[in-house]
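Peer 1: This structure is in structure tokens; I'll ask about it shortly.
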Amino acid sequence: MNVKLSYDSTEKNWMKNVIKEDEITKYMENGKDFIDEEEIWKKIERNKAPEPQKVRDILQKSLAVKTLEPDETAALLNVEDEELWNEMFETAGEIKRKVYDNRIVTFAPLYCSNLCVNNCLYCAFRRENSVEKRRRLTLQEVKSEAEVLAGKIGHKRLIAVYGEHPTSDANYIADTIRAIYDVKVKTKKGYGQIRRVNINASPLSISDFEMLREVGIGTYQVFQETYHHETYKQVHPAGTLKSNYQWRLYALHRALDAGIDDVAIGVLFGLYDWKFEVMGLLCHAIDLERQFGGIGPHTISFPRLEPAANTPFIKKTGHKVSDRDFKRLIAIIRLSVPYTGMIITARERADIKRDVISVGCTQTDASTRIGIGAYSDRYSEQEAERQQFILGDTRSLDEVIREFAEMGYITSFCTAGYRCGRTGEHIMKLLRSGKEGRFCKLNAVLTFREWLDDFASEETKKAGEKIIKKEMSEINEQTPSIYQPSIYPKLVEYYKRIENGERDLYF
Amino acid sequence: MGKGISISKETLTEKFACIADLVKEKYGVNIWFAEILGERWSYIAGQREVEISLLPSERTRLNKRFGIVSDRWEEIPANEREALLSSLKEQIKIYEQG
């Protein structure tokens, strides 16, 4: 399946200097990485047909917001009884509410460049894909995209996405982050701004990560795609940067070493056996916690393979994840790494999202466009040739928020934590203790009010106000058992100030 | 402080943690320290346990690079707050002169 790729001299010279072997080996033990495939399969095998009581004991551990051991996750993966699965779904939802309360955070992806030196078989951005229209946004174009997202749609949080290429290296990424933070747009009652810029980019060296830290990056996200070494090798052809499994596996270790203390992992489900991949995610979380004083993944993502332009590999894979197994794997991730945020994206159809949101998801995107420059171009139909894959849910943020409100969830645009030192080990402890969820509830009310006033349709406003009323009355009822007596009056004060046009007030 | 005295990042972090403990002990107020990186206030040291209250976190810049966050900053008497801030600024100055 390998094809001979050609690179120009700039690309060749750049590629020679990207990977730094000593920034891989320093994290390994006895020359081995933390994915021991034989051991993973052994654990899956030896935990077959777990006793219901054993499963319930594991659920209690998850409810105490403790990371599971691989043997425990393996037992959950082997549950077959439908009733037990229902208990697992319920517990997963309960943990989510305990750690993050009743809110769903929304964000948007911003694709900055699709030039790429890699040739991943499943990706439309792969180098040999000649039908893909290549483009790298200028900084002005990045700002134009952010203006639409912050000023017309109302997003406060982005994930900027980049192909791996010398023209979108760490310097470019840092420039785009600065450009996005610079944007401030007048809205109906206040102003719109992107308050948190997360990035999804290829693995970088520690010094490059330090550069991104300096410009105030939110979370650094990189997916291993598959934790299975042989599959990884097959889908990431030799001779490309991405073919180096361990450079990618330890990217988040380097980010943490560089002081970026919010990092995010993920798997592209469909490349290999989903049970193995869930174990891989858990091993990744455990190794991060072990090497970085308890700091695990800030979020976990679980995209499934979706159709992409001129990418026949996707039709051939033998590991597609069914909708039934998808819901199960989401619940098991929630149970295994209870403190983590979990992202369900617009790759998935609306009906799927609706079904799985209750088993532990905390974040989603909406009004999503994944073509390069697609927000400011305002094209309404998807264009496969400028996208990485085809979206399953193209609904507007307004529609998605209305649906959440009707389902009883409050949408949150909160970005408070990382702007007041609730990062790294600090946020981890707050999440594990259930304390962060209380901030989530307060900040969801305030940021949702902002959004309703600036961007909502009348119908959504009505549904949203109903949910705000419910949340505020819960906070009042939970005073003083959970909230100190001074909190509710402060919330009401902030709420009124926001109604009068003030913005960005938070707990 | 005399010329030639310098402190490392680790020492500065330890000092911050120690000061946060003292403030907690003396005034019952949570404080924590952060490095300011654009929009990001990245946690360095200080109160991080479950005792944190839910009051709004008040941010005070110590200089361009470092900040202090507290949930009940006003409960420290004004003169002692000022003394604390100027001592912290001095420590940071020494660190930055490295």
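Identifiers for the structure tokens are assigned positionally: chains receive A, B, ... in sequence, residues are indexed from 1 per chain, and ligands are indexed from 1 in the order shown.
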Per residue of chain A within 9 Å of chain B, what are the shortest atom pair and its distance in Å to one decimal, counting only C-alpha atoms, with rows by chain and residue number, as JSON lines?

Peer 2:
{"residue": "A:Arg178", "atom": "CA", "partner": "B:Gly38", "partner_atom": "CA", "distance": 8.5}
{"residue": "A:Tyr181", "atom": "CA", "partner": "B:Glu39", "partner_atom": "CA", "distance": 8.0}
{"residue": "A:Arg195", "atom": "CA", "partner": "B:Glu39", "partner_atom": "CA", "distance": 7.4}
{"residue": "A:Arg196", "atom": "CA", "partner": "B:Glu39", "partner_atom": "CA", "distance": 7.6}
{"residue": "A:Arg213", "atom": "CA", "partner": "B:Leu37", "partner_atom": "CA", "distance": 6.8}
{"residue": "A:Glu214", "atom": "CA", "partner": "B:Leu37", "partner_atom": "CA", "distance": 5.3}
{"residue": "A:Val215", "atom": "CA", "partner": "B:Gly38", "partner_atom": "CA", "distance": 5.3}
{"residue": "A:Gly216", "atom": "CA", "partner": "B:Gly38", "partner_atom": "CA", "distance": 4.5}
{"residue": "A:Ile217", "atom": "CA", "partner": "B:Arg40", "partner_atom": "CA", "distance": 7.1}
{"residue": "A:Gly218", "atom": "CA", "partner": "B:Arg40", "partner_atom": "CA", "distance": 7.1}
{"residue": "A:Gly259", "atom": "CA", "partner": "B:Ser42", "partner_atom": "CA", "distance": 8.5}
{"residue": "A:Ile260", "atom": "CA", "partner": "B:Ser42", "partner_atom": "CA", "distance": 8.3}
{"residue": "A:Asp261", "atom": "CA", "partner": "B:Ser42", "partner_atom": "CA", "distance": 7.8}
{"residue": "A:Gly417", "atom": "CA", "partner": "B:Trp41", "partner_atom": "CA", "distance": 8.8}
{"residue": "A:Tyr418", "atom": "CA", "partner": "B:Arg40", "partner_atom": "CA", "distance": 5.7}
{"residue": "A:Arg419", "atom": "CA", "partner": "B:Trp41", "partner_atom": "CA", "distance": 4.8}
{"residue": "A:Cys420", "atom": "CA", "partner": "B:Trp41", "partner_atom": "CA", "distance": 5.4}
{"residue": "A:Gly421", "atom": "CA", "partner": "B:Tyr43", "partner_atom": "CA", "distance": 4.4}
{"residue": "A:Arg422", "atom": "CA", "partner": "B:Tyr43", "partner_atom": "CA", "distance": 6.3}
{"residue": "A:Thr423", "atom": "CA", "partner": "B:Tyr43", "partner_atom": "CA", "distance": 5.5}
{"residue": "A:Gly424", "atom": "CA", "partner": "B:Tyr43", "partner_atom": "CA", "distance": 6.7}
{"residue": "A:Glu425", "atom": "CA", "partner": "B:Tyr43", "partner_atom": "CA", "distance": 7.9}
{"residue": "A:His426", "atom": "CA", "partner": "B:Arg48", "partner_atom": "CA", "distance": 5.2}
{"residue": "A:Ile427", "atom": "CA", "partner": "B:Arg48", "partner_atom": "CA", "distance": 8.1}
{"residue": "A:Lys429", "atom": "CA", "partner": "B:Glu49", "partner_atom": "CA", "distance": 6.5}
{"residue": "A:Leu430", "atom": "CA", "partner": "B:Val50", "partner_atom": "CA", "distance": 6.4}
{"residue": "A:Ser433", "atom": "CA", "partner": "B:Val50", "partner_atom": "CA", "distance": 6.3}
{"residue": "A:Gly434", "atom": "CA", "partner": "B:Val50", "partner_atom": "CA", "distance": 8.6}
{"residue": "A:Lys435", "atom": "CA", "partner": "B:Val50", "partner_atom": "CA", "distance": 6.7}
{"residue": "A:Arg438", "atom": "CA", "partner": "B:Leu54", "partner_atom": "CA", "distance": 7.5}
{"residue": "A:Phe439", "atom": "CA", "partner": "B:Leu54", "partner_atom": "CA", "distance": 6.7}
{"residue": "A:Tyr483", "atom": "CA", "partner": "B:Leu54", "partner_atom": "CA", "distance": 7.2}
{"residue": "A:Gln484", "atom": "CA", "partner": "B:Leu54", "partner_atom": "CA", "distance": 7.5}
{"residue": "A:Ser486", "atom": "CA", "partner": "B:Leu55", "partner_atom": "CA", "distance": 7.9}
{"residue": "A:Ile487", "atom": "CA", "partner": "B:Leu55", "partner_atom": "CA", "distance": 6.3}
{"residue": "A:Lys490", "atom": "CA", "partner": "B:Leu55", "partner_atom": "CA", "distance": 8.2}
{"residue": "A:Leu505", "atom": "CA", "partner": "B:Pro56", "partner_atom": "CA", "distance": 8.9}
{"residue": "A:Tyr506", "atom": "CA", "partner": "B:Pro56", "partner_atom": "CA", "distance": 6.4}
{"residue": "A:Phe507", "atom": "CA", "partner": "B:Pro56", "partner_atom": "CA", "distance": 3.8}

Peer 1: With only C-alpha atoms as the counted atoms, please give the residues lying no more than 9 Å from stretch 91-96 of chain B, apart from itself and same-chain residues fewer than 5 positions off, as a list of chain:residue names.

Peer 2: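 That gives B:Met1, B:Ile5, B:Ser6, B:Ile7, B:Ser8, B:Lys9, B:Leu12, B:Lys15, B:Leu62, B:Asn63, B:Phe66, B:Ser86.
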
Peer 1: Extract the full set of alpha helix (DSSP H) residues from stretch 5-91 of chain B according to DSSP on the backbone, and format it as a PyMOL selection string.

Peer 2: chain B and resi 9-27+78-91

Peer 1: Taking N, CA and C atoms for each residue, export the selection above as a compact mmCIF listing (two decimals), in the first residue's frame.

Peer 2:
# COMPACT_ATOMS: atom_id res chain seq x y z
N LYS B 9 13.57 28.42 39.65
CA LYS B 9 12.12 28.31 39.50
C LYS B 9 11.55 27.38 40.57
N GLU B 10 12.30 26.29 40.87
CA GLU B 10 11.84 25.34 41.88
C GLU B 10 11.73 26.02 43.24
N THR B 11 12.76 26.81 43.55
CA THR B 11 12.75 27.49 44.85
C THR B 11 11.60 28.49 44.93
N LEU B 12 11.39 29.19 43.82
CA LEU B 12 10.29 30.16 43.79
C LEU B 12 8.96 29.45 44.01
N THR B 13 8.80 28.30 43.34
CA THR B 13 7.57 27.52 43.49
C THR B 13 7.38 27.07 44.94
N GLU B 14 8.48 26.61 45.54
CA GLU B 14 8.40 26.18 46.95
C GLU B 14 8.02 27.35 47.86
N LYS B 15 8.62 28.50 47.56
CA LYS B 15 8.30 29.70 48.37
C LYS B 15 6.81 30.03 48.24
N PHE B 16 6.32 29.99 47.00
CA PHE B 16 4.90 30.28 46.77
C PHE B 16 4.01 29.32 47.58
N ALA B 17 4.37 28.03 47.52
CA ALA B 17 3.56 27.03 48.23
C ALA B 17 3.56 27.30 49.73
N CYS B 18 4.74 27.67 50.22
CA CYS B 18 4.91 27.94 51.64
C CYS B 18 4.08 29.17 52.06
N ILE B 19 4.14 30.21 51.24
CA ILE B 19 3.38 31.44 51.54
C ILE B 19 1.87 31.14 51.54
N ALA B 20 1.44 30.34 50.57
CA ALA B 20 0.01 29.99 50.50
C ALA B 20 -0.41 29.26 51.77
N ASP B 21 0.44 28.37 52.26
CA ASP B 21 0.12 27.64 53.49
C ASP B 21 0.03 28.60 54.68
N LEU B 22 0.97 29.53 54.74
CA LEU B 22 0.97 30.49 55.86
C LEU B 22 -0.27 31.37 55.85
N VAL B 23 -0.64 31.82 54.64
CA VAL B 23 -1.83 32.67 54.50
C VAL B 23 -3.08 31.90 54.93
N LYS B 24 -3.12 30.65 54.53
CA LYS B 24 -4.27 29.82 54.90
C LYS B 24 -4.35 29.66 56.42
N GLU B 25 -3.16 29.42 57.00
CA GLU B 25 -3.10 29.19 58.45
C GLU B 25 -3.47 30.47 59.22
N LYS B 26 -2.92 31.59 58.76
CA LYS B 26 -3.11 32.83 59.51
C LYS B 26 -4.50 33.47 59.30
N TYR B 27 -4.95 33.48 58.02
CA TYR B 27 -6.20 34.21 57.72
C TYR B 27 -7.35 33.29 57.30
N ALA B 78 -5.91 45.05 54.88
CA ALA B 78 -5.31 45.78 53.76
C ALA B 78 -3.80 45.99 53.90
N ASN B 79 -3.36 46.39 55.10
CA ASN B 79 -1.92 46.66 55.25
C ASN B 79 -1.10 45.38 55.12
N GLU B 80 -1.65 44.27 55.62
CA GLU B 80 -0.91 43.01 55.53
C GLU B 80 -0.93 42.46 54.10
N ARG B 81 -2.01 42.76 53.40
CA ARG B 81 -2.11 42.37 51.99
C ARG B 81 -1.04 43.09 51.18
N GLU B 82 -0.91 44.38 51.47
CA GLU B 82 0.10 45.19 50.76
C GLU B 82 1.50 44.68 51.05
N ALA B 83 1.73 44.36 52.33
CA ALA B 83 3.06 43.86 52.73
C ALA B 83 3.35 42.53 52.02
N LEU B 84 2.33 41.69 51.95
CA LEU B 84 2.49 40.39 51.28
C LEU B 84 2.81 40.59 49.80
N LEU B 85 2.07 41.49 49.17
CA LEU B 85 2.29 41.73 47.73
C LEU B 85 3.68 42.27 47.48
N SER B 86 4.12 43.19 48.31
CA SER B 86 5.44 43.76 48.01
C SER B 86 6.54 42.75 48.28
N SER B 87 6.35 41.89 49.28
CA SER B 87 7.35 40.84 49.51
C SER B 87 7.39 39.86 48.33
N LEU B 88 6.22 39.52 47.82
CA LEU B 88 6.16 38.60 46.68
C LEU B 88 6.82 39.22 45.44
N LYS B 89 6.53 40.49 45.23
CA LYS B 89 7.11 41.17 44.06
C LYS B 89 8.64 41.18 44.16
N GLU B 90 9.14 41.35 45.37
CA GLU B 90 10.59 41.36 45.59
C GLU B 90 11.19 39.99 45.24
N GLN B 91 10.52 38.93 45.72
CA GLN B 91 10.99 37.56 45.43
C GLN B 91 11.04 37.31 43.92

Peer 1: Please measure the separation of atom CA of A:Tyr227 and atom CA of A:Ile95, giving the value in Å to one decimal.

Peer 2: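 For atom CA of A:Tyr227 relative to atom CA of A:Ile95, the distance reads 26.2 Å.
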
Peer 1: Which distance in Å separates atom CA of A:Ala366 and atom CA of A:Ile153, to one decimal?

Peer 2: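 Value for the atom CA of A:Ala366-atom CA of A:Ile153 distance: 9.5 Å.
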
Peer 1: Which residues come within 12 Å of A:Glu474, counting only C-alpha atoms, excluding same-chain residues fewer than 3 positions away, as JSON, numbers by chain?

Peer 2: {"A": [101, 102, 438, 441, 442, 445, 467, 468, 469, 470, 471, 477, 478, 479, 480, 481, 482, 483, 488]}

Peer 1: Do you have the atom CA of A:Ser62-atom CA of A:Leu335 distance handy?

Peer 2: 5.3 Å

Peer 1: Excluding A:Pro109 and its own-chain neighbours fewer than 3 positions away, which residues fall within 10 Å of it when counting only C-alpha atoms? Please give them as a PDB file with C-alpha atoms, in the first residue's frame.

Peer 2:
ATOM      1  CA  CYS A 112      -6.206  26.604   9.517  1.00  0.00           C
ATOM      2  CA  LEU A 149     -17.323  32.267  15.114  1.00  0.00           C
ATOM      3  CA  ARG A 157     -13.909  28.260  22.611  1.00  0.00           C
ATOM      4  CA  LEU A 158     -12.146  26.932  19.536  1.00  0.00           C
ATOM      5  CA  ILE A 159      -9.961  24.064  18.569  1.00  0.00           C
ATOM      6  CA  ALA A 160      -7.606  25.191  15.828  1.00  0.00           C
ATOM      7  CA  VAL A 161      -6.503  22.357  13.538  1.00  0.00           C
ATOM      8  CA  VAL A 197      -7.947  28.510  21.945  1.00  0.00           C
ATOM      9  CA  ASN A 198      -7.212  24.794  22.064  1.00  0.00           C
ATOM     10  CA  ILE A 199      -5.162  23.216  19.323  1.00  0.00           C
ATOM     11  CA  ASN A 200      -5.054  19.916  17.491  1.00  0.00           C
ATOM     12  CA  THR A 345     -18.158  15.753  17.703  1.00  0.00           C
ATOM     13  CA  ALA A 346     -20.234  16.658  14.685  1.00  0.00           C
ATOM     14  CA  ASP A 365     -19.236  21.180  18.550  1.00  0.00           C
ATOM     15  CA  ALA A 366     -22.017  22.799  16.517  1.00  0.00           C
ATOM     16  CA  SER A 367     -22.411  25.105  13.503  1.00  0.00           C
ATOM     17  CA  THR A 368     -19.354  23.174  12.456  1.00  0.00           C
ATOM     18  CA  ARG A 369     -17.485  23.787   9.200  1.00  0.00           C
ATOM     19  CA  ILE A 370     -14.318  21.852   8.567  1.00  0.00           C
ATOM     20  CA  GLY A 371     -13.320  23.200   5.182  1.00  0.00           C
TER      21      GLY A 371
END

Peer 1: Identify which of the residues A:Ala285, A:Glu450, A:Gly294, A:Lys156 lies closest to A:Val105, counting only C-alpha atoms when measuring atom-to-atom distances.

Peer 2: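 Of the candidates, the smallest distance to A:Val105 is held by A:Lys156.
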
Peer 1: Within 12 Å of stretch 263-282 of chain A, which residues of stretch 114-140 of chain A show up? Give each one with its shortest atom-to-atom distance in Å (one decimal) and the two atoms involved, counting only C-alpha atoms, rows by chain then rising residue number, as a tab-separated table.

Peer 2:
residue	atom	partner	partner_atom	distance
A:Cys120	CA	A:Leu271	CA	11.4
A:Leu121	CA	A:Leu271	CA	10.3
A:Tyr122	CA	A:Leu271	CA	8.7
A:Cys123	CA	A:Leu268	CA	10.9

Peer 1: Atoms to include: C-alpha atoms. Write the selected residues as a compact mmCIF listing (two decimals), in the first residue's frame.

Peer 2:
# COMPACT_ATOMS: atom_id res chain seq x y z
CA CYS A 120 -2.41 8.46 6.40
CA LEU A 121 -4.59 6.04 4.50
CA TYR A 122 -7.84 7.12 6.19
CA CYS A 123 -7.38 10.89 5.78

Peer 1: Select from stretch 45-86 of chain B everything DSSP, run on the backbone, classes as strand (DSSP E or B), then give the selection as a PyMOL selection string.

Peer 2: chain B and resi 45-46+58-61+66-70

Peer 1: Near A:Ala308, within 8 Å and counting only C-alpha atoms, which residues show up once chain neighbours fewer than 2 positions away are dropped, as a PyMOL selection string?

Peer 2: chain A and resi 122-124+306+310-311+314+384+387-390

Peer 1: Write the residues you've just listed into a file as an mmCIF file, in the first residue's frame, and include N, CA and C atoms for each of them.

Peer 2:
data_model
loop_
_atom_site.group_PDB
_atom_site.id
_atom_site.type_symbol
_atom_site.label_atom_id
_atom_site.label_comp_id
_atom_site.auth_asym_id
_atom_site.auth_seq_id
_atom_site.Cartn_x
_atom_site.Cartn_y
_atom_site.Cartn_z
ATOM 1 N N TYR A 122 -6.439 6.826 5.888
ATOM 2 C CA TYR A 122 -7.835 7.124 6.185
ATOM 3 C C TYR A 122 -8.180 8.604 6.026
ATOM 4 N N CYS A 123 -7.191 9.441 5.682
ATOM 5 C CA CYS A 123 -7.379 10.885 5.783
ATOM 6 C C CYS A 123 -7.389 11.570 4.412
ATOM 7 N N ALA A 124 -8.357 12.450 4.218
ATOM 8 C CA ALA A 124 -8.440 13.164 2.940
ATOM 9 C C ALA A 124 -7.304 14.182 2.779
ATOM 10 N N GLU A 306 -15.082 8.233 9.289
ATOM 11 C CA GLU A 306 -16.195 8.719 8.470
ATOM 12 C C GLU A 306 -15.723 8.797 7.018
ATOM 13 N N ASN A 310 -12.176 10.738 -1.946
ATOM 14 C CA ASN A 310 -11.142 9.929 -2.590
ATOM 15 C C ASN A 310 -10.323 9.120 -1.577
ATOM 16 N N THR A 311 -10.999 8.508 -0.605
ATOM 17 C CA THR A 311 -10.289 7.760 0.440
ATOM 18 C C THR A 311 -10.916 6.376 0.586
ATOM 19 N N ILE A 314 -11.369 3.685 3.855
ATOM 20 C CA ILE A 314 -12.421 3.721 4.874
ATOM 21 C C ILE A 314 -13.480 2.644 4.634
ATOM 22 N N ALA A 384 -16.525 18.068 0.004
ATOM 23 C CA ALA A 384 -15.617 16.996 0.400
ATOM 24 C C ALA A 384 -14.165 17.313 0.084
ATOM 25 N N GLN A 387 -12.370 19.220 2.819
ATOM 26 C CA GLN A 387 -12.586 18.760 4.187
ATOM 27 C C GLN A 387 -11.765 17.500 4.451
ATOM 28 N N GLN A 388 -11.535 17.244 5.746
ATOM 29 C CA GLN A 388 -10.792 16.041 6.123
ATOM 30 C C GLN A 388 -11.687 14.805 6.058
ATOM 31 N N PHE A 389 -12.969 15.011 6.291
ATOM 32 C CA PHE A 389 -13.949 13.928 6.269
ATOM 33 C C PHE A 389 -15.331 14.572 6.119
ATOM 34 N N ILE A 390 -16.369 13.756 6.062
ATOM 35 C CA ILE A 390 -17.722 14.295 5.909
ATOM 36 C C ILE A 390 -18.422 14.316 7.280
#

Peer 1: Excluding A:Asp398 and its own-chain neighbours fewer than 2 positions away, which residues fall within 12 Å of it when counting only C-alpha atoms? Please give them as number ranges by chain.

Peer 2: A: 106, 152-155, 365-368, 394-396, 400-405, 411, 448, 451-452, 454-464

Peer 1: Keeping N, CA and C atoms, export the residues of the selection given above as a short mmCIF file (atom, residue, chain, number, x, y, z; two decimals), in the first residue's frame.

Peer 2:
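Final output, selection36.cif:
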data_model
loop_
_atom_site.label_atom_id
_atom_site.label_comp_id
_atom_site.auth_asym_id
_atom_site.auth_seq_id
_atom_site.Cartn_x
_atom_site.Cartn_y
_atom_site.Cartn_z
N THR A 106 -19.81 23.83 24.57
CA THR A 106 -19.73 23.77 23.10
C THR A 106 -18.50 24.52 22.60
N LYS A 152 -20.80 36.12 15.03
CA LYS A 152 -22.07 35.74 14.39
C LYS A 152 -22.70 34.50 15.03
N ILE A 153 -21.84 33.53 15.40
CA ILE A 153 -22.37 32.27 15.95
C ILE A 153 -22.37 32.31 17.48
N GLY A 154 -21.32 32.90 18.03
CA GLY A 154 -21.29 33.06 19.48
C GLY A 154 -20.39 32.09 20.22
N HIS A 155 -19.51 31.42 19.50
CA HIS A 155 -18.59 30.52 20.19
C HIS A 155 -17.59 31.31 21.03
N ASP A 365 -19.33 20.03 19.46
CA ASP A 365 -19.24 21.18 18.55
C ASP A 365 -20.56 21.34 17.80
N ALA A 366 -20.79 22.54 17.29
CA ALA A 366 -22.02 22.80 16.52
C ALA A 366 -21.78 23.99 15.60
N SER A 367 -22.63 24.15 14.61
CA SER A 367 -22.41 25.10 13.50
C SER A 367 -21.05 24.83 12.87
N THR A 368 -20.72 23.57 12.83
CA THR A 368 -19.35 23.17 12.46
C THR A 368 -19.10 23.24 10.95
N THR A 394 -24.72 18.72 10.76
CA THR A 394 -24.39 20.09 10.30
C THR A 394 -25.36 21.12 10.88
N ARG A 395 -26.05 20.76 11.95
CA ARG A 395 -27.02 21.69 12.53
C ARG A 395 -26.33 22.92 13.12
N SER A 396 -27.11 23.99 13.22
CA SER A 396 -26.55 25.23 13.79
C SER A 396 -26.44 25.10 15.31
N VAL A 400 -28.84 23.08 18.09
CA VAL A 400 -28.28 22.10 19.02
C VAL A 400 -28.55 22.53 20.47
N ILE A 401 -28.37 23.81 20.72
CA ILE A 401 -28.62 24.33 22.08
C ILE A 401 -30.08 24.16 22.47
N ARG A 402 -30.96 24.43 21.52
CA ARG A 402 -32.39 24.28 21.80
C ARG A 402 -32.71 22.82 22.14
N GLU A 403 -32.13 21.92 21.36
CA GLU A 403 -32.37 20.51 21.63
C GLU A 403 -31.85 20.12 23.01
N PHE A 404 -30.64 20.58 23.35
CA PHE A 404 -30.09 20.28 24.68
C PHE A 404 -31.03 20.79 25.77
N ALA A 405 -31.51 22.02 25.58
CA ALA A 405 -32.39 22.61 26.60
C ALA A 405 -33.65 21.76 26.75
N THR A 411 -26.37 24.55 28.17
CA THR A 411 -25.14 24.72 27.38
C THR A 411 -24.25 25.73 28.09
N PHE A 448 -24.37 31.13 29.57
CA PHE A 448 -25.54 30.82 28.73
C PHE A 448 -26.41 32.07 28.59
N TRP A 451 -24.96 34.23 25.94
CA TRP A 451 -25.21 33.73 24.59
C TRP A 451 -26.66 33.94 24.17
N LEU A 452 -27.58 33.67 25.10
CA LEU A 452 -29.01 33.85 24.76
C LEU A 452 -29.28 35.30 24.36
N ASP A 454 -27.19 37.51 23.14
CA ASP A 454 -26.47 37.97 21.95
C ASP A 454 -26.80 37.22 20.66
N PHE A 455 -27.18 35.95 20.78
CA PHE A 455 -27.23 35.14 19.56
C PHE A 455 -28.48 34.28 19.36
N ALA A 456 -29.28 34.06 20.40
CA ALA A 456 -30.34 33.05 20.28
C ALA A 456 -31.53 33.51 19.46
N SER A 457 -32.16 32.54 18.79
CA SER A 457 -33.46 32.80 18.16
C SER A 457 -34.49 32.88 19.28
N GLU A 458 -35.66 33.43 18.98
CA GLU A 458 -36.68 33.58 20.02
C GLU A 458 -37.07 32.23 20.63
N GLU A 459 -37.18 31.22 19.76
CA GLU A 459 -37.58 29.88 20.21
C GLU A 459 -36.54 29.30 21.18
N THR A 460 -35.28 29.46 20.82
CA THR A 460 -34.19 28.91 21.66
C THR A 460 -34.09 29.70 22.96
N LYS A 461 -34.30 31.00 22.86
CA LYS A 461 -34.26 31.84 24.06
C LYS A 461 -35.29 31.35 25.09
N LYS A 462 -36.45 31.04 24.58
CA LYS A 462 -37.53 30.58 25.45
C LYS A 462 -37.14 29.26 26.14
N ALA A 463 -36.64 28.33 25.34
CA ALA A 463 -36.24 27.03 25.91
C ALA A 463 -35.06 27.22 26.87
N GLY A 464 -34.15 28.12 26.50
CA GLY A 464 -32.96 28.35 27.32
C GLY A 464 -33.29 29.00 28.65
#

Peer 1: Just checking: using only C-alpha atoms, which residue out of A:Ile206, A:Leu397, A:Val55, A:Ala92 ends up closest to A:Met342?

Peer 2: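 Closest to A:Met342 of all the choices is A:Ala92.
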
Peer 1: Counting only C-alpha atoms, what is within 9 Å of stretch 233-245 of chain A, bar same-chain residues fewer than 2 positions away, as a ChimeraX atom specification?

Peer 2: /A:1-5,15,18-19,117-122,164,202-203,224,227-231,247-250,271

Peer 1: Here is a test: counting only C-alpha atoms, which residue of A:Gln363, A:Thr299, A:Thr138, A:Thr25 is nearest to A:Thr167?

Peer 2: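 Under the stated criterion, the closest residue is A:Thr138.
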